[in-house]
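Visitor: Sharing a structure, written as structure tokens. Questions coming.
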Amino acid sequence: MSRQWLTVGSAALTPGLRHWLAPLVWLSLLVLFATGMAHLEGAFRWLEPDSREVIYRRAGFIALLGQHAMVVGIASLVAVVLGVGSAIAVTRPVGRDFLPLVSQLASIGQTFPPVAVLALAVPALGFGTLPIIVALLLYGLLPIVRNTLTGLDGIDPDVREAARGMGMTRGQLLRQVELPLAAPVILAGIRTSVTVNIATAALGATVGASNLGDPIIAGIINGNTAYIVQGALLIGLLALAVDSVFERLLRRG
Amino acid sequence: MESGRCEPNRVLLVLMLAGLFAWLSLDAVSLAPNRIVSGTPYRAFQILGGWPALALALPMLIVAGLAWRSSRQALRAALWGVLALLTLLPWWLVAASVDLVEPGMAQARVGIGASIWLLLFVWLLALIELRTRLELSRPLGWLLLLPVLTSWWLALTWGQAPLSLYREYQARSDQFLTAVSTHLALVGAAVGTSLVLGALLALAMRRHPGVRRASFGLLSFLQTVPSLALFGLLLAPLAWLGARVDMLAAIGVSGIGWAPAFLALLGYSLLPMVRNIYVALEEVDPAVIESARGMGMSRRQVLLQVRLPLALPIVLEGIRITTVQAIGLTAVAALIGAGGLGTFVFQGLGQAAMDMVLLGALPILGLALIADATISALSERLRPGGAP
């Protein structure tokens, strides 16, 4: 059972697509709207009859979606590597000294509002895409670190003892026992991290990154509801698609 | 652990060495003749021949030395050392501004540089580490910060250090107070309303499983929708309502302002609130209820005298999560004209005025931390069998 979720990618297609229905539906809706937004001009015209333009055209929706996904993707990937890595490091004998500080920091950091973290990154790092990636990365680390620590901590000491008794080395114990057992909790942390990052990245539009937040900000400034709906629709679908993938993975774990 | 008592505290050692490195090698302050121009950076040892900088470097070395043998007394001394550092730092800034600012520069601003931000971060980490190692209680930890804050306040008012952040505050202190109260009012309204609605919903859920499934589904769905998107989506329908219904327009409902902000905040607050209240009511041991009924209590008495007191800590936890979340979300609501501290953040970002961004972002951070600490302490106290 412990290994099941690791091989889920290949195994999922054989027992049936049914389990992956929700993520697939959200993803195809996302792609459909991102490519075909211009065809909905009639509907948006009805929503915003007074504006000259009703479709956001300063950048293509596919490009904006790509930017958004890329920023969140890079930040989350680095956050997973660093977060899981540091949580593992402080639970080994070498880094045990740092465990209390890291776990305190991870729980205090949870109370930092993401907007404030993003806003503080700009004076430190300047405008543009890089500060957003750094801010998302730092903020995304916390739930991952905390959940990895919780997951590793929750393992029954008897299980560790038994694995040791079977002659496992420390590395084997980590890879074959600890990580698989902690996987669902770690995955839940990654889910929180990614979901929050998708929402926070949209705010990046206010600090000079171009992503799906752009149409919303432009819409709020120009009083054009159609732009807002277009941005909000795509961000919402992206968030739901990613969340449903995690939902699926967690249910298997 | 017994043998580890006199081994070096490597955490503290690493932190202090990192602090020393930052203090020696990075820019400590910058001097700008006015608000618009970006400042000229100075390192710590360029100020007044470097003597004041030494006054901060030495205690750091001492604390690092104390960390070498981490007996309880050494750690306690280290705690006082770090507190002394935090108390001394604003006076170093006063010295720096006396040295740098010439009498003719009325508009001059002294900005805090990377070195000082890093020092503050590292020292606060050291405080957390020491508080954990010495097993001090949380309220005591906060109390220890009191002299530090007093010292900063004195340095700013009496020492008249023209710190750029403080200048920014002085320039708009009225606006700042309005922003803080708007922020708190929105958070309070959203949390209060979600508490009442959440309790009603949780009670309805206990009666009807259908309501439970539907509301949890809807609310978790809502929680996934990014805040900026939800605020944006509420603009249109509320603008429409405000334009069509005179009574709503009269109380200020329109596409921008408090109405969409409040509704979105309420939507986000309901899930953690309902979840916790529901769990709180559900998790009371049936045997306790049974014995209360056996003692002749009515359903109403059981609810008021048994269920609620037992449920209170979990409900408070819900209030804590909701409040902290709402403080952050209200900042985003500034984008749709709801006011609050987020206004400074987004205006500052628009004008590339970093002091203004900080003036918004730091208090938001502070409010979230204070709310978290206060409500945690309260629920700690109310937990049955918890601290008296």
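Labels used: A, B, ... for chains in the order of the structure tokens, numbers from 1 for residues in each chain, and numbers from 1 for ligands as shown.
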For the alpha helix (DSSP H) assignment from backbone DSSP, which residues of range 9-189 of chain A qualify? Please present them as a PyMOL selection string.
Guide: chain A and resi 9-11+21-36+41-47+61-91+99-109+114-125+129-153+157-165+170-172+179-189
Visitor: I'd like the neighbourhood of range 227-239 of chain A as a list in words, where a residue qualifies if any of its atoms comes within 7 Å (using only C-alpha atoms), though same-chain residues fewer than 2 positions away should be ignored.
Guide: Trp26, Leu30, Val54, Ile55, Tyr56, Thr195, Ile198, Leu212, Gly213, Pro215, Ile216, Gly219, Ile220, Asn224, Thr225, Ala241, Val242 and Asp243 of chain A; Thr224, Val225, Pro226, Ala229, Gly232 and Leu233 of chain B
Visitor: Go through B:Asp355, B:Leu201, B:Met297, B:Tyr278 and flag the residue nearest Arg109 in chain B, using only C-alpha atoms for the distances.
Guide: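 For Arg109 in chain B, the nearest of the given residues is B:Asp355.
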Visitor: Quick one: everything within 6 Å of range 180-194 of chain B, counting only C-alpha atoms, minus sequence neighbours fewer than 3 positions away in the same chain. Send it as a tab-separated table (two decimals) with all heavy atoms, in the first residue's frame.
Guide:
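Result went into out_3.tsv, see below:
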chain	number	residue	atom	x	y	z
B	177	LEU	N	-4.15	55.50	10.82
B	177	LEU	CA	-5.09	55.08	11.86
B	177	LEU	C	-6.42	54.67	11.24
B	177	LEU	O	-7.02	53.67	11.63
B	177	LEU	CB	-5.30	56.21	12.88
B	177	LEU	CG	-4.09	56.42	13.78
B	177	LEU	CD1	-4.34	57.55	14.75
B	177	LEU	CD2	-3.77	55.12	14.54
B	197	LEU	N	-23.24	32.64	11.76
B	197	LEU	CA	-23.74	31.80	10.66
B	197	LEU	C	-23.17	30.39	10.75
B	197	LEU	O	-23.87	29.41	10.50
B	197	LEU	CB	-23.34	32.41	9.32
B	197	LEU	CG	-24.16	33.60	8.83
B	197	LEU	CD1	-23.68	34.04	7.46
B	197	LEU	CD2	-25.63	33.22	8.78
B	198	GLY	N	-21.88	30.31	11.12
B	198	GLY	CA	-21.23	29.01	11.21
B	198	GLY	C	-21.87	28.14	12.27
B	198	GLY	O	-22.08	26.95	12.05
B	265	LEU	N	-14.88	37.88	2.22
B	265	LEU	CA	-14.27	37.49	3.49
B	265	LEU	C	-15.15	36.49	4.23
B	265	LEU	O	-14.67	35.50	4.77
B	265	LEU	CB	-14.06	38.72	4.38
B	265	LEU	CG	-12.91	39.63	4.04
B	265	LEU	CD1	-12.91	40.84	4.97
B	265	LEU	CD2	-11.60	38.89	4.16
B	266	LEU	N	-16.46	36.76	4.21
B	266	LEU	CA	-17.40	35.87	4.88
B	266	LEU	C	-17.34	34.48	4.27
B	266	LEU	O	-17.30	33.47	4.97
B	266	LEU	CB	-18.80	36.47	4.77
B	266	LEU	CG	-19.91	35.76	5.54
B	266	LEU	CD1	-19.58	35.79	7.02
B	266	LEU	CD2	-21.24	36.43	5.28
B	270	LEU	N	-16.19	31.11	6.42
B	270	LEU	CA	-17.19	30.13	6.86
B	270	LEU	C	-16.61	28.72	6.96
B	270	LEU	O	-16.90	28.01	7.92
B	270	LEU	CB	-18.39	30.13	5.92
B	270	LEU	CG	-19.51	31.08	6.33
B	270	LEU	CD1	-20.61	31.10	5.28
B	270	LEU	CD2	-20.10	30.67	7.68
B	326	ALA	N	-8.41	36.16	7.59
B	326	ALA	CA	-9.14	37.36	7.18
B	326	ALA	C	-8.24	38.59	7.19
B	326	ALA	O	-8.39	39.48	6.35
B	326	ALA	CB	-10.34	37.57	8.11
B	340	GLY	N	-8.33	49.91	4.27
B	340	GLY	CA	-7.50	49.02	5.07
B	340	GLY	C	-6.03	49.18	4.72
B	340	GLY	O	-5.65	49.98	3.87
Visitor: Please, which residues in chain B fall within 8 Å of chain A when counting only C-alpha atoms, and what is the closest atom pair and distance in Å to one decimal for each, ordered by chain then residue number, as a Markdown table?
Guide:
| residue | atom | partner | partner_atom | distance |
| --- | --- | --- | --- | --- |
| B:Asn9 | CA | A:Asp97 | CA | 7.5 |
| B:Arg10 | CA | A:Asp97 | CA | 6.9 |
| B:Val11 | CA | A:Phe98 | CA | 6.1 |
| B:Ala114 | CA | A:Ala124 | CA | 7.8 |
| B:Leu125 | CA | A:Leu101 | CA | 7.5 |
| B:Ile128 | CA | A:Leu101 | CA | 6.9 |
| B:Glu129 | CA | A:Leu101 | CA | 5.5 |
| B:Thr132 | CA | A:Pro100 | CA | 7.1 |
| B:Phe221 | CA | A:Leu240 | CA | 7.9 |
| B:Thr224 | CA | A:Ala239 | CA | 6.3 |
| B:Val225 | CA | A:Gly236 | CA | 5.1 |
| B:Pro226 | CA | A:Ala199 | CA | 4.4 |
| B:Ser227 | CA | A:Ala199 | CA | 6.5 |
| B:Leu228 | CA | A:Ala202 | CA | 7.0 |
| B:Ala229 | CA | A:Ala232 | CA | 4.2 |
| B:Leu230 | CA | A:Ala232 | CA | 7.1 |
| B:Gly232 | CA | A:Ile228 | CA | 5.8 |
| B:Leu233 | CA | A:Val229 | CA | 6.1 |
| B:Leu235 | CA | A:Thr225 | CA | 7.5 |
| B:Ala236 | CA | A:Thr225 | CA | 6.2 |
| B:Val324 | CA | A:Thr111 | CA | 6.3 |
| B:Gln325 | CA | A:Pro113 | CA | 7.1 |
| B:Ile327 | CA | A:Pro113 | CA | 7.4 |
| B:Gly328 | CA | A:Pro113 | CA | 4.6 |
| B:Leu329 | CA | A:Pro113 | CA | 7.8 |
| B:Ala331 | CA | A:Val115 | CA | 7.0 |
| B:Val332 | CA | A:Val115 | CA | 7.0 |
| B:Leu335 | CA | A:Ile220 | CA | 7.8 |
| B:Ile336 | CA | A:Ile220 | CA | 6.9 |
| B:Val345 | CA | A:Ala119 | CA | 6.7 |
| B:Phe346 | CA | A:Thr206 | CA | 7.3 |
| B:Leu349 | CA | A:Val207 | CA | 6.5 |
| B:Gly350 | CA | A:Thr206 | CA | 7.6 |
| B:Met354 | CA | A:Pro123 | CA | 5.6 |
| B:Val357 | CA | A:Ala119 | CA | 6.6 |
| B:Leu358 | CA | A:Leu120 | CA | 6.8 |
| B:Ala361 | CA | A:Ala116 | CA | 4.9 |
| B:Leu362 | CA | A:Ala116 | CA | 7.2 |
| B:Ile364 | CA | A:Ala116 | CA | 6.7 |
| B:Leu365 | CA | A:Phe112 | CA | 5.9 |
| B:Ala368 | CA | A:Thr111 | CA | 6.2 |
| B:Leu369 | CA | A:Thr111 | CA | 6.4 |
| B:Asp372 | CA | A:Thr111 | CA | 7.1 |
Visitor: Determine, counting only C-alpha atoms, which protein, DNA and RNA residues have an atom within 12 Å of an atom of Pro157 in chain A; residues of the same chain fewer than 5 positions away are not included. Present the result as an NGL selection string.
Guide: :A and (152 or 162-164 or 177-178)
Visitor: Excluding Ile319 in chain B and any residue of its chain fewer than 6 positions from it, enumerate the residues within 8 Å of it, using only C-alpha atoms, and give them as a list in words.
Guide: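 With the cut-off at 8 Å, the set is Val191, Leu195, Met273 and Ile375 of chain B.
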Visitor: Would you list the contacts of Leu130 in chain A as a ChimeraX atom specification, taking every protein, DNA or RNA residue within 10 Å and counting only C-alpha atoms, but skipping same-chain residues closer than 3 positions in sequence?
Guide: /A:71,75,121-122,125-127,133-136,209
Visitor: Output C-alpha atoms for every residue in that selection, as a CSV table (one decimal), in the first residue's frame.
Guide:
chain,number,residue,atom,x,y,z
A,71,VAL,CA,5.9,30.7,-11.9
A,75,ALA,CA,8.4,28.0,-7.0
A,121,ALA,CA,9.8,40.7,-1.3
A,122,VAL,CA,9.5,43.7,-3.6
A,125,LEU,CA,14.3,42.1,-4.5
A,126,GLY,CA,12.8,44.6,-6.9
A,127,PHE,CA,9.9,44.3,-9.4
A,133,ILE,CA,9.1,33.3,-7.5
A,134,VAL,CA,11.2,33.9,-4.4
A,135,ALA,CA,8.2,35.0,-2.3
A,136,LEU,CA,6.1,32.1,-3.4
A,209,ALA,CA,4.8,40.0,-13.4
